[in-house]
$ cat work_34.cif   # mmCIF, C-alpha atoms
data_start
loop_
_atom_site.label_atom_id
_atom_site.label_comp_id
_atom_site.auth_asym_id
_atom_site.auth_seq_id
_atom_site.Cartn_x
_atom_site.Cartn_y
_atom_site.Cartn_z
CA MET K 1 90.98 121.34 100.62
CA THR K 2 89.51 122.12 97.21
CA ALA K 3 88.96 119.72 94.33
CA LEU K 4 91.18 119.99 91.27
CA THR K 5 89.51 120.90 88.00
CA ALA K 6 90.28 118.85 84.90
CA ILE K 7 92.47 121.70 83.59
CA GLN K 8 94.41 121.95 86.87
CA ALA K 9 94.97 118.20 86.92
CA ARG K 10 96.27 118.32 83.36
CA ARG K 11 98.70 121.14 84.12
CA ARG K 12 100.14 119.31 87.12
CA PHE K 13 100.33 116.09 85.13
CA LEU K 14 102.32 117.76 82.35
CA TRP K 15 104.76 119.46 84.72
CA LEU K 16 105.39 116.22 86.57
CA LEU K 17 105.82 114.38 83.28
CA ALA K 18 108.42 116.88 82.06
CA LEU K 19 110.41 116.49 85.28
CA ARG K 20 110.17 112.70 84.99
CA TRP K 21 111.51 112.46 81.41
CA LEU K 22 114.14 115.21 81.35
CA PRO K 23 116.63 113.05 83.34
CA VAL K 24 115.92 110.18 80.93
CA GLY K 25 116.90 112.42 78.01
CA LEU K 26 120.13 113.26 79.80
CA MET K 27 120.96 109.59 80.29
CA ILE K 28 120.11 108.24 76.80
CA PRO K 29 123.34 109.37 75.05
CA VAL K 30 125.60 107.86 77.75
CA THR K 31 123.61 104.75 78.69
CA VAL K 32 125.84 102.37 76.72
CA LEU K 33 129.03 104.43 76.65
CA LEU K 34 129.32 104.94 80.42
CA PRO K 35 129.67 101.27 81.43
CA LEU K 36 132.11 100.72 78.56
CA ASP K 37 134.10 103.73 79.75
CA ARG K 38 134.11 102.22 83.26
CA GLY K 39 135.73 99.00 82.02
CA LEU K 40 132.84 96.69 81.06
CA SER K 41 132.84 94.82 77.77
CA LEU K 42 129.87 95.12 75.43
CA ALA K 43 128.77 91.59 76.35
CA GLN K 44 129.00 92.38 80.07
CA TYR K 45 126.95 95.53 79.55
CA GLY K 46 124.30 93.58 77.62
CA SER K 47 124.03 90.93 80.32
CA ALA K 48 123.70 93.55 83.06
CA ALA K 49 121.21 95.69 81.13
CA ALA K 50 119.02 92.66 80.40
CA LEU K 51 118.24 92.51 84.13
CA GLN K 52 116.27 95.73 83.82
CA GLY K 53 113.82 94.24 81.34
CA LEU K 54 113.50 91.06 83.36
CA THR K 55 112.81 93.04 86.54
CA VAL K 56 110.17 95.15 84.79
CA LEU K 57 108.51 92.02 83.41
CA LEU K 58 108.32 90.42 86.87
CA LEU K 59 107.16 93.53 88.74
CA GLU K 60 105.02 95.42 86.21
CA LEU K 61 101.65 93.96 87.09
CA PRO K 62 102.19 93.68 90.88
CA THR K 63 103.30 97.32 91.05
CA GLY K 64 100.27 98.37 89.02
CA GLY K 65 98.13 96.53 91.53
CA LEU K 66 100.00 98.27 94.35
CA SER K 67 99.18 101.65 92.80
CA ASP K 68 95.51 100.72 92.60
CA ALA K 69 95.57 99.45 96.18
CA ILE K 70 97.46 102.14 98.12
CA GLY K 71 97.19 105.12 95.78
CA ARG K 72 99.18 106.72 92.95
CA ARG K 73 101.18 109.20 95.03
CA PRO K 74 102.80 106.76 97.50
CA VAL K 75 103.90 104.48 94.66
CA LEU K 76 105.47 107.35 92.71
CA LEU K 77 107.23 108.59 95.83
CA LEU K 78 108.67 105.10 96.35
CA ALA K 79 109.68 105.00 92.68
CA GLY K 80 111.48 108.33 93.02
CA VAL K 81 113.43 107.14 96.05
CA LEU K 82 114.50 104.01 94.16
CA GLU K 83 115.65 106.04 91.15
CA ILE K 84 117.66 108.38 93.35
CA THR K 85 119.31 105.32 94.92
CA ALA K 86 120.01 103.83 91.48
CA LEU K 87 121.53 107.02 90.05
CA SER K 88 123.61 107.52 93.20
CA LEU K 89 125.03 104.04 92.66
CA LEU K 90 125.66 104.81 88.99
CA THR K 91 127.87 107.77 89.87
CA VAL K 92 130.42 105.34 91.34
CA ALA K 93 129.65 102.01 89.59
CA ASP K 94 132.79 100.46 88.13
CA SER K 95 132.17 96.71 88.15
CA VAL K 96 129.78 94.24 86.54
CA LEU K 97 128.14 93.54 89.91
CA MET K 98 127.50 97.21 90.62
CA PHE K 99 125.98 97.72 87.19
CA MET K 100 123.82 94.62 87.69
CA VAL K 101 122.49 96.08 90.94
CA PHE K 102 121.91 99.41 89.19
CA TYR K 103 119.84 97.81 86.44
CA VAL K 104 117.76 95.79 88.91
CA LEU K 105 117.00 99.01 90.81
CA GLN K 106 116.27 100.76 87.53
CA GLY K 107 113.88 97.98 86.52
CA ALA K 108 112.04 98.21 89.84
CA TYR K 109 111.79 101.98 89.38
CA ARG K 110 110.42 101.63 85.85
CA ALA K 111 107.84 99.09 87.01
CA LEU K 112 106.67 101.32 89.88
CA ASP K 113 106.69 104.41 87.67
CA SER K 114 104.74 102.83 84.80
CA GLY K 115 101.12 103.95 84.95
CA PRO K 116 100.44 105.75 88.28
CA LEU K 117 101.00 109.32 87.05
CA GLU K 118 98.84 108.87 83.98
CA ALA K 119 96.19 107.02 86.01
CA TRP K 120 96.25 109.85 88.59
CA TYR K 121 95.59 112.41 85.87
CA VAL K 122 92.75 110.47 84.28
CA ASP K 123 91.17 109.72 87.69
CA HIS K 124 91.23 113.41 88.63
CA ALA K 125 90.09 114.70 85.24
CA LEU K 126 87.12 112.32 85.03
CA ALA K 127 86.21 112.92 88.67
CA ALA K 128 86.05 116.66 87.95
CA ASP K 129 84.17 116.17 84.67
CA ALA K 130 82.90 112.80 83.46
CA LYS K 131 83.13 114.11 79.88
CA ALA K 132 86.60 115.60 80.27
CA ASP K 133 88.74 115.55 77.13
CA ILE K 134 91.44 113.22 78.47
CA GLU K 135 92.67 112.47 74.95
CA THR K 136 93.96 116.06 74.60
CA GLY K 137 95.79 115.74 77.90
CA LEU K 138 97.34 112.45 76.81
CA SER K 139 98.28 113.98 73.46
CA ARG K 140 99.98 116.91 75.17
CA SER K 141 101.78 114.45 77.41
CA GLY K 142 103.33 112.97 74.28
CA VAL K 143 104.49 116.44 73.26
CA VAL K 144 105.99 117.11 76.68
CA LEU K 145 107.68 113.70 76.78
CA GLY K 146 109.28 114.14 73.37
CA VAL K 147 110.48 117.69 74.04
CA ALA K 148 111.84 116.76 77.48
CA ILE K 149 113.83 113.81 76.14
CA ALA K 150 115.14 115.80 73.17
CA ALA K 151 116.13 118.69 75.45
CA GLY K 152 117.89 116.34 77.85
CA ALA K 153 119.77 114.61 75.03
CA LEU K 154 120.93 117.94 73.60
CA LEU K 155 121.94 119.18 77.07
CA THR K 156 124.09 116.09 77.53
CA GLY K 157 126.19 117.13 74.53
CA GLY K 158 127.14 120.35 76.30
CA LEU K 159 127.70 118.59 79.61
CA VAL K 160 130.02 116.03 78.03
CA ALA K 161 132.01 118.90 76.52
CA LEU K 162 132.45 120.30 80.05
CA GLY K 163 133.05 116.84 81.53
CA PRO K 164 136.86 116.76 81.39
CA THR K 165 136.91 119.63 83.91
CA VAL K 166 135.01 117.66 86.57
CA PRO K 167 135.92 114.53 88.56
CA GLY K 168 134.85 111.26 86.97
CA GLY K 169 135.40 112.26 83.36
CA PRO K 170 133.12 113.58 80.61
CA LEU K 171 130.46 110.88 80.79
CA SER K 172 129.84 111.23 84.52
CA LEU K 173 128.51 114.79 84.58
CA PRO K 174 125.13 113.97 82.91
CA VAL K 175 124.57 111.32 85.60
CA HIS K 176 125.11 113.84 88.40
CA VAL K 177 122.78 116.36 86.74
CA ALA K 178 120.13 113.66 86.19
CA LEU K 179 120.42 112.74 89.88
CA GLY K 180 119.81 116.35 90.90
CA LEU K 181 116.81 116.61 88.59
CA GLN K 182 115.40 113.38 90.01
CA VAL K 183 115.49 114.93 93.50
CA VAL K 184 113.55 117.90 92.11
CA SER K 185 111.07 115.51 90.48
CA LEU K 186 110.52 113.67 93.76
CA ALA K 187 109.84 116.94 95.56
CA ALA K 188 107.38 117.95 92.82
CA VAL K 189 105.47 114.68 93.19
CA ALA K 190 105.23 115.27 96.95
CA LEU K 191 103.90 118.82 96.43
CA LEU K 192 101.71 118.58 93.32
CA MET K 193 100.12 115.12 93.51
CA THR K 194 97.14 115.12 95.86
CA GLU K 195 94.98 112.22 96.95
CA ARG K 196 92.44 111.81 99.70
CA ARG K 197 93.31 108.70 101.65
CA PRO K 198 90.47 107.54 103.89
CA SER K 199 92.84 106.02 106.47
CA ARG K 200 96.52 106.10 107.29
CA GLY K 201 99.01 104.24 109.41
CA PHE K 202 100.44 100.71 109.32
CA ALA K 203 97.07 98.97 109.61
CA ALA K 204 95.70 100.93 106.65
CA LEU K 205 98.85 100.17 104.65
CA ALA K 206 98.57 96.46 105.46
CA ARG K 207 94.91 96.41 104.35
CA SER K 208 95.87 98.17 101.12
CA VAL K 209 98.73 95.78 100.38
CA ARG K 210 96.37 92.84 100.93
CA GLY K 211 94.26 94.43 98.21
CA VAL K 212 97.04 94.11 95.61
CA PRO K 213 96.06 90.57 94.49
CA ALA K 214 92.47 91.77 94.12
CA ALA K 215 93.63 94.68 91.97
CA ILE K 216 95.69 92.35 89.77
CA GLY K 217 92.75 89.96 89.53
CA GLY K 218 90.51 92.87 88.63
CA ALA K 219 92.78 93.87 85.74
CA LEU K 220 92.90 90.30 84.47
CA GLY K 221 89.13 90.15 84.87
CA LEU K 222 88.83 93.18 82.60
CA LEU K 223 90.92 91.34 80.02
CA ARG K 224 88.63 88.31 80.22
CA ARG K 225 85.43 90.38 80.05
CA SER K 226 86.27 92.81 77.26
CA ARG K 227 87.16 91.87 73.70
CA ILE K 228 88.14 95.52 73.13
CA ILE K 229 90.78 95.36 75.86
CA VAL K 230 92.03 92.05 74.46
CA ALA K 231 92.38 93.71 71.04
CA LEU K 232 94.22 96.74 72.46
CA VAL K 233 96.64 94.59 74.45
CA ALA K 234 97.23 92.50 71.32
CA VAL K 235 98.12 95.72 69.46
CA GLU K 236 100.73 96.37 72.14
CA LEU K 237 102.21 92.92 71.52
CA PHE K 238 102.64 93.57 67.79
CA TRP K 239 103.85 97.10 68.49
CA GLY K 240 106.48 95.93 70.98
CA PHE K 241 107.77 93.37 68.46
CA GLY K 242 107.85 95.78 65.53
CA MET K 243 109.40 98.61 67.53
CA VAL K 244 112.73 96.78 67.40
CA ALA K 245 112.87 97.53 63.66
CA PHE K 246 113.08 101.29 64.06
CA GLU K 247 114.63 101.55 67.53
CA SER K 248 117.37 98.91 67.54
CA LEU K 249 118.04 98.33 63.84
CA MET K 250 118.08 101.96 62.66
CA PRO K 251 121.75 102.60 63.62
CA VAL K 252 122.75 99.39 61.81
CA ARG K 253 120.76 100.38 58.72
CA LEU K 254 122.25 103.87 58.75
CA ALA K 255 125.77 102.43 59.01
CA GLU K 256 124.92 100.18 56.04
CA VAL K 257 123.87 103.04 53.77
CA VAL K 258 126.58 105.46 54.96
CA GLY K 259 129.29 102.84 54.72
CA ASP K 260 131.05 103.99 57.89
CA PRO K 261 129.87 102.92 61.39
CA GLY K 262 131.71 105.84 62.99
CA GLN K 263 129.99 108.40 60.79
CA ALA K 264 126.63 106.70 61.34
CA SER K 265 127.18 106.85 65.10
CA ALA K 266 127.92 110.56 64.91
CA LEU K 267 124.77 111.11 62.85
CA MET K 268 122.53 109.19 65.25
CA GLY K 269 123.02 111.72 68.07
CA PRO K 270 121.35 114.73 66.42
CA VAL K 271 119.01 112.48 64.41
CA GLY K 272 117.80 110.88 67.65
CA SER K 273 117.10 114.28 69.22
CA VAL K 274 115.17 115.41 66.14
CA ALA K 275 113.26 112.14 66.21
CA TRP K 276 111.96 112.84 69.72
CA LEU K 277 110.91 116.34 68.62
CA ALA K 278 109.13 114.72 65.67
CA SER K 279 107.42 112.40 68.14
CA ALA K 280 106.25 115.45 70.10
CA LEU K 281 104.93 117.03 66.89
CA GLY K 282 102.97 113.90 66.08
CA ALA K 283 101.41 113.84 69.54
CA ALA K 284 100.47 117.52 69.20
CA LEU K 285 98.77 117.14 65.83
CA ILE K 286 96.96 113.84 66.24
CA PRO K 287 93.86 115.18 68.08
CA LEU K 288 92.88 116.94 64.83
CA LEU K 289 92.69 113.62 62.99
CA ALA K 290 91.16 111.75 65.93
CA ARG K 291 88.31 114.26 66.19
CA ARG K 292 87.63 113.97 62.47
CA ILE K 293 87.60 110.18 61.97
CA GLY K 294 87.50 108.84 65.55
CA ALA K 295 90.16 107.19 67.68
CA PRO K 296 89.73 103.59 66.38
CA TRP K 297 90.15 104.60 62.74
CA THR K 298 93.01 106.92 63.69
CA GLY K 299 94.80 104.00 65.37
CA PHE K 300 94.18 101.89 62.25
CA VAL K 301 95.68 104.52 59.94
CA LEU K 302 98.70 105.10 62.17
CA ARG K 303 99.61 101.42 62.41
CA ILE K 304 99.50 101.11 58.60
CA LEU K 305 101.46 104.33 58.16
CA GLN K 306 104.15 103.27 60.62
CA GLY K 307 104.59 100.02 58.74
CA VAL K 308 105.01 102.02 55.52
CA THR K 309 107.70 104.22 57.10
CA VAL K 310 109.71 101.15 58.15
CA VAL K 311 109.40 99.85 54.58
CA GLY K 312 110.92 103.18 53.53
CA MET K 313 113.81 102.66 55.96
CA ALA K 314 114.39 99.28 54.34
CA LEU K 315 114.15 100.30 50.68
CA PHE K 316 115.60 103.81 50.44
CA ALA K 317 119.18 103.59 49.19
CA GLY K 318 120.75 106.71 50.70
CA PRO K 319 121.10 108.18 54.19
CA VAL K 320 118.78 111.11 53.46
CA GLY K 321 115.91 108.80 52.58
CA VAL K 322 116.54 106.44 55.50
CA ILE K 323 116.71 109.32 57.98
CA ALA K 324 113.59 110.95 56.54
CA ALA K 325 111.65 107.68 56.85
CA TYR K 326 112.94 107.27 60.40
CA LEU K 327 111.78 110.77 61.40
CA VAL K 328 108.33 110.21 59.90
CA CYS K 329 108.22 106.87 61.72
CA TYR K 330 108.86 108.62 65.03
CA THR K 331 106.25 111.26 64.22
CA VAL K 332 103.71 108.46 63.81
CA HIS K 333 105.04 106.74 66.93
CA GLY K 334 104.43 109.85 69.03
CA ALA K 335 100.95 110.28 67.56
CA ALA K 336 99.96 106.65 68.15
CA SER K 337 100.69 106.53 71.88
CA PRO K 338 97.99 108.98 73.08
CA VAL K 339 95.45 107.40 70.73
CA HIS K 340 96.17 103.92 72.06
CA ASN K 341 96.23 105.00 75.71
CA GLY K 342 93.07 107.05 75.32
CA LEU K 343 91.19 104.05 73.92
CA LEU K 344 92.51 101.92 76.78
CA HIS K 345 91.43 104.42 79.44
CA ARG K 346 87.93 104.61 77.99
CA GLN K 347 87.48 100.89 78.59
CA VAL K 348 87.96 100.92 82.36
CA ASP K 349 86.14 102.61 85.18
CA GLY K 350 86.87 101.96 88.83
CA PRO K 351 89.84 100.79 90.82
CA TYR K 352 91.89 98.94 88.21
CA ARG K 353 93.12 101.66 85.87
CA ALA K 354 96.82 101.50 86.82
CA SER K 355 96.76 97.70 86.84
CA LEU K 356 95.39 97.67 83.30
CA LEU K 357 98.04 100.16 82.14
CA SER K 358 100.69 97.94 83.71
CA LEU K 359 99.25 94.88 81.98
CA ASN K 360 99.35 96.70 78.65
CA SER K 361 102.91 97.86 79.29
CA MET K 362 104.03 94.46 80.55
CA VAL K 363 103.24 92.60 77.33
CA SER K 364 105.61 94.83 75.36
CA GLN K 365 108.62 93.46 77.30
CA PRO K 366 108.51 89.84 76.04
CA ALA K 367 107.28 91.08 72.65
CA GLY K 368 110.31 93.35 72.32
CA ALA K 369 112.67 90.56 73.41
CA LEU K 370 111.11 88.20 70.85
CA GLY K 371 111.35 90.90 68.20
CA LEU K 372 115.01 91.50 68.96
CA VAL K 373 115.85 87.80 68.73
CA THR K 374 113.73 87.21 65.62
CA LEU K 375 114.64 90.30 63.60
CA THR K 376 118.37 90.03 64.29
CA ALA K 377 118.21 86.36 63.29
CA VAL K 378 116.45 87.30 60.04
CA ALA K 379 119.09 89.96 59.40
CA SER K 380 121.83 87.37 59.89
CA ALA K 381 120.16 84.66 57.79
CA ALA K 382 118.94 86.91 54.97
CA ASP K 383 119.79 90.61 55.14
CA LEU K 384 118.94 93.70 57.16
CA ARG K 385 116.37 94.98 54.67
CA MET K 386 114.38 91.76 54.92
CA SER K 387 114.46 92.06 58.70
CA LEU K 388 113.05 95.60 58.50
CA LEU K 389 110.32 94.45 56.11
CA VAL K 390 109.28 91.73 58.58
CA GLY K 391 109.11 94.36 61.35
CA ALA K 392 107.04 96.62 59.09
CA ALA K 393 104.58 93.81 58.37
CA VAL K 394 104.16 93.05 62.08
CA LEU K 395 103.44 96.73 62.84
CA ALA K 396 100.86 96.98 60.06
CA VAL K 397 99.10 93.68 60.75
CA ALA K 398 97.92 95.04 64.12
CA ALA K 399 95.88 97.81 62.45
CA PRO K 400 92.52 95.96 62.17
CA LEU K 401 92.55 95.25 65.91
CA TYR K 402 91.78 98.91 66.59
CA LEU K 403 88.51 98.61 64.70
CA VAL K 404 87.14 96.30 67.40
CA ALA K 405 86.68 99.47 69.47
CA ARG K 406 84.44 101.20 66.90
CA GLY K 407 81.22 102.57 68.31
CA SER K 408 82.08 101.65 71.89
CA ALA K 409 83.01 104.19 74.53
CA ALA K 410 81.48 102.14 77.31
CA SER K 411 83.73 101.06 80.12
CA VAL K 412 83.73 97.84 82.06
CA ASP K 413 84.58 97.23 85.66
CA ALA K 414 85.54 93.86 87.02
CA PRO K 415 84.18 93.12 90.48
CA ALA K 416 86.78 92.61 93.18
CA PRO K 417 86.48 89.65 95.54
CA GLU K 418 86.33 92.17 98.39
CA PRO K 419 86.38 95.97 98.59
CA VAL K 420 89.84 97.35 97.88
CA PRO K 421 90.79 100.17 100.27
CA ALA K 422 92.16 102.37 97.54
CA ILE K 423 91.65 106.00 96.61
CA HIS K 424 89.25 106.40 93.71
CA GLY K 425 86.32 108.42 94.95
CA GLY K 426 86.96 111.93 96.18
CA VAL K 427 89.58 113.98 94.39
CA TYR K 428 90.94 116.79 96.49
CA SER K 429 93.84 119.20 96.48
#
$ encode --input "work_34.cif" --output "structure tokens"
Amino acid sequence: MTALTAIQARRRFLWLLALRWLPVGLMIPVTVLLPLDRGLSLAQYGSAAALQGLTVLLLELPTGGLSDAIGRRPVLLLAGVLEITALSLLTVADSVLMFMVFYVLQGAYRALDSGPLEAWYVDHALAADAKADIETGLSRSGVVLGVAIAAGALLTGGLVALGPTVPGGPLSLPVHVALGLQVVSLAAVALLMTERRPSRGFAALARSVRGVPAAIGGALGLLRRSRIIVALVAVELFWGFGMVAFESLMPVRLAEVVGDPGQASALMGPVGSVAWLASALGAALIPLLARRIGAPWTGFVLRILQGVTVVGMALFAGPVGVIAAYLVCYTVHGAASPVHNGLLHRQVDGPYRASLLSLNSMVSQPAGALGLVTLTAVASAADLRMSLLVGAAVLAVAAPLYLVARGSAASVDAPAPEPVPAIHGGVYS
């Protein structure tokens, strides 16, 4: 078996990422419409869908610890099996209970899937070359993610047009195609992800699972030991809160300026696809700025700029201006993710990378829920523009936190109470 080079690891990472997000793009346009078409009310859909976020919140950190304990590949294989089960259920779901079970499975999948692939890439790239340019790989991952989601969303339009000719109606066909693609994704993970596991069998699995609490404790130890990690996780909190302004409130704002909710809904389909392509463009271009002024200052500028774009969404009077501000906002959003994740990766060395990614991801769940409650309440008490301005302020106020990371590329490693039998050393194909 030969070791992967940093370039080979990046190529495999990007292919696996494309296969992971293409089914998501297929599902986005029908996520809300399908349960309504199957007989659920909007309130029933909201109650069922809320279980996904709750499940992710409860499982995010333990599943990150599991990835650090037993390896990235086994966790992603388990995630793929869960998603295939969930989508299989969705093809026939027609009751509140079935949709509740679907969203719990979906939440468990998202928690398992959050972090291991990216951690696998960074582990392999840095093992091959300690000075590997992981930021470029993470930037290209943003491009791939945006293009894959946009392509899936556009493909769904054609599939829905064909839908009346297949059993289950027009909204069911994208689910079946997403299920098939998920099977392909699972096979790709099995073939392309490689890890050297020092021991196998039930006893080795049991030892690894016992290492999960140590991995979680290690990630929390990193948080206690590093003010830079504290600052980056705090950015994620503000980001998760402010994201509600441009993700959840944009359709409402567009309906307000257009004056017709139906027309606004029709516009949001192509606008959403273009937004993901804009996100990909931002991720592609951001390394140029990061190399010139450094990642911390780049993060600072992007947080300010994203706040400004949401202000534009609030203050522009016509649909053209609101849509333009929204597209620029998503361009910045796509650019900010690789910068943030790159800074986070640079702060950890050793067996807790996936756990730290899960910790960072986990905090966005309650932050988003708080943002949804707060910003919708502000919109009801005052008006929608004031709500957007509050979201813009929260996004921008996080900017100085990035500057804590100036001049520091050093990583920290929290000692585990006992050796964790995980795969971090040799990297082999």
$ closest_residue --input "work_34.cif" --among "K:Gly321, K:Gln347, K:Val274, K:Gly80" --to "K:Arg225" --atoms "all atoms listed in the file"
K:Gln347
$ resolve_selection --input "work_34.cif" --expression "the PyMOL selection byres ((chain K and resi 130-145) around 7)" --output "PyMOL selection string"
chain K and resi 6+10+14+17-18+21+122+125-129+146-149+280-281+283-284+287+334+338+342
$ write_last_selection --input "work_34.cif" --atoms "C-alpha atoms" --output "PDB file, in the coordinates of the input"
ATOM      1  CA  ALA K   6      90.280 118.850  84.900  1.00  0.00           C
ATOM      2  CA  ARG K  10      96.270 118.320  83.360  1.00  0.00           C
ATOM      3  CA  LEU K  14     102.320 117.760  82.350  1.00  0.00           C
ATOM      4  CA  LEU K  17     105.820 114.380  83.280  1.00  0.00           C
ATOM      5  CA  ALA K  18     108.420 116.880  82.060  1.00  0.00           C
ATOM      6  CA  TRP K  21     111.510 112.460  81.410  1.00  0.00           C
ATOM      7  CA  VAL K 122      92.750 110.470  84.280  1.00  0.00           C
ATOM      8  CA  ALA K 125      90.090 114.700  85.240  1.00  0.00           C
ATOM      9  CA  LEU K 126      87.120 112.320  85.030  1.00  0.00           C
ATOM     10  CA  ALA K 127      86.210 112.920  88.670  1.00  0.00           C
ATOM     11  CA  ALA K 128      86.050 116.660  87.950  1.00  0.00           C
ATOM     12  CA  ASP K 129      84.170 116.170  84.670  1.00  0.00           C
ATOM     13  CA  GLY K 146     109.280 114.140  73.370  1.00  0.00           C
ATOM     14  CA  VAL K 147     110.480 117.690  74.040  1.00  0.00           C
ATOM     15  CA  ALA K 148     111.840 116.760  77.480  1.00  0.00           C
ATOM     16  CA  ILE K 149     113.830 113.810  76.140  1.00  0.00           C
ATOM     17  CA  ALA K 280     106.250 115.450  70.100  1.00  0.00           C
ATOM     18  CA  LEU K 281     104.930 117.030  66.890  1.00  0.00           C
ATOM     19  CA  ALA K 283     101.410 113.840  69.540  1.00  0.00           C
ATOM     20  CA  ALA K 284     100.470 117.520  69.200  1.00  0.00           C
ATOM     21  CA  PRO K 287      93.860 115.180  68.080  1.00  0.00           C
ATOM     22  CA  GLY K 334     104.430 109.850  69.030  1.00  0.00           C
ATOM     23  CA  PRO K 338      97.990 108.980  73.080  1.00  0.00           C
ATOM     24  CA  GLY K 342      93.070 107.050  75.320  1.00  0.00           C
TER      25      GLY K 342
END
$ resolve_selection --input "work_34.cif" --expression "the PyMOL selection byres ((chain K and resi 36-47) around 12)" --output "PDB file with C-alpha atoms, in the coordinates of the input"
ATOM      1  CA  VAL K  30     125.600 107.860  77.750  1.00  0.00           C
ATOM      2  CA  THR K  31     123.610 104.750  78.690  1.00  0.00           C
ATOM      3  CA  VAL K  32     125.840 102.370  76.720  1.00  0.00           C
ATOM      4  CA  LEU K  33     129.030 104.430  76.650  1.00  0.00           C
ATOM      5  CA  LEU K  34     129.320 104.940  80.420  1.00  0.00           C
ATOM      6  CA  PRO K  35     129.670 101.270  81.430  1.00  0.00           C
ATOM      7  CA  ALA K  48     123.700  93.550  83.060  1.00  0.00           C
ATOM      8  CA  ALA K  49     121.210  95.690  81.130  1.00  0.00           C
ATOM      9  CA  ALA K  50     119.020  92.660  80.400  1.00  0.00           C
ATOM     10  CA  LEU K  51     118.240  92.510  84.130  1.00  0.00           C
ATOM     11  CA  GLN K  52     116.270  95.730  83.820  1.00  0.00           C
ATOM     12  CA  GLY K  53     113.820  94.240  81.340  1.00  0.00           C
ATOM     13  CA  LEU K  54     113.500  91.060  83.360  1.00  0.00           C
ATOM     14  CA  LEU K  90     125.660 104.810  88.990  1.00  0.00           C
ATOM     15  CA  THR K  91     127.870 107.770  89.870  1.00  0.00           C
ATOM     16  CA  VAL K  92     130.420 105.340  91.340  1.00  0.00           C
ATOM     17  CA  ALA K  93     129.650 102.010  89.590  1.00  0.00           C
ATOM     18  CA  ASP K  94     132.790 100.460  88.130  1.00  0.00           C
ATOM     19  CA  SER K  95     132.170  96.710  88.150  1.00  0.00           C
ATOM     20  CA  VAL K  96     129.780  94.240  86.540  1.00  0.00           C
ATOM     21  CA  LEU K  97     128.140  93.540  89.910  1.00  0.00           C
ATOM     22  CA  MET K  98     127.500  97.210  90.620  1.00  0.00           C
ATOM     23  CA  PHE K  99     125.980  97.720  87.190  1.00  0.00           C
ATOM     24  CA  MET K 100     123.820  94.620  87.690  1.00  0.00           C
ATOM     25  CA  VAL K 101     122.490  96.080  90.940  1.00  0.00           C
ATOM     26  CA  PHE K 102     121.910  99.410  89.190  1.00  0.00           C
ATOM     27  CA  TYR K 103     119.840  97.810  86.440  1.00  0.00           C
ATOM     28  CA  VAL K 104     117.760  95.790  88.910  1.00  0.00           C
ATOM     29  CA  GLY K 168     134.850 111.260  86.970  1.00  0.00           C
ATOM     30  CA  GLY K 169     135.400 112.260  83.360  1.00  0.00           C
ATOM     31  CA  PRO K 170     133.120 113.580  80.610  1.00  0.00           C
ATOM     32  CA  LEU K 171     130.460 110.880  80.790  1.00  0.00           C
ATOM     33  CA  SER K 172     129.840 111.230  84.520  1.00  0.00           C
TER      34      SER K 172
END
$ atom_distance --input "work_34.cif" --atom1 "atom CA of K:Arg12" --atom2 "atom CA of K:Leu76"
14.2 Å
$ residues_around --input "work_34.cif" --residues "stretch 56-61 of chain K" --least-positions-apart "3" --cutoff "6 Å" --atoms "all atoms listed in the file" --output "JSON list (two decimals) with C-alpha atoms, in the frame of the given file"
[["chain", "number", "residue", "atom", "x", "y", "z"],
["K", 53, "GLY", "CA", 113.82, 94.24, 81.34],
["K", 64, "GLY", "CA", 100.27, 98.37, 89.02],
["K", 107, "GLY", "CA", 113.88, 97.98, 86.52],
["K", 111, "ALA", "CA", 107.84, 99.09, 87.01],
["K", 358, "SER", "CA", 100.69, 97.94, 83.71],
["K", 359, "LEU", "CA", 99.25, 94.88, 81.98],
["K", 362, "MET", "CA", 104.03, 94.46, 80.55]]
$ atom_distance --input "work_34.cif" --atom1 "atom CA of K:Met250" --atom2 "atom CA of K:Val339"
24.6 Å
$ resolve_selection --input "work_34.cif" --expression "the PyMOL selection byres ((chain K and resi 323) around 12)" --output "NGL selection string"
:K and (246 or 250-251 or 253-255 or 257-258 or 264 or 267-268 or 270-272 or 274-275 or 309-310 or 312-322 or 324-330)
$ atom_distance --input "work_34.cif" --atom1 "atom CA of K:Ala399" --atom2 "atom CA of K:Val252"
26.9 Å
$ closest_residue --input "work_34.cif" --among "K:Tyr109, K:Trp120, K:Phe13, K:Phe300" --to "K:Leu232" --atoms "only C-alpha atoms"
K:Phe300
$ residues_around --input "work_34.cif" --residues "K:Leu22" --least-positions-apart "2" --cutoff "12 Å" --atoms "only C-alpha atoms" --output "PyMOL selection string"
chain K and resi 15-20+24-28+144-156+174-175+177-182+184-185
$ residues_near_point --input "work_34.cif" --point "(106.2, 92.4, 62.1)" --cutoff "10 Å" --atoms "all atoms listed in the file" --output "ChimeraX atom specification"
/K:238-245,307,371,374-375,387-398
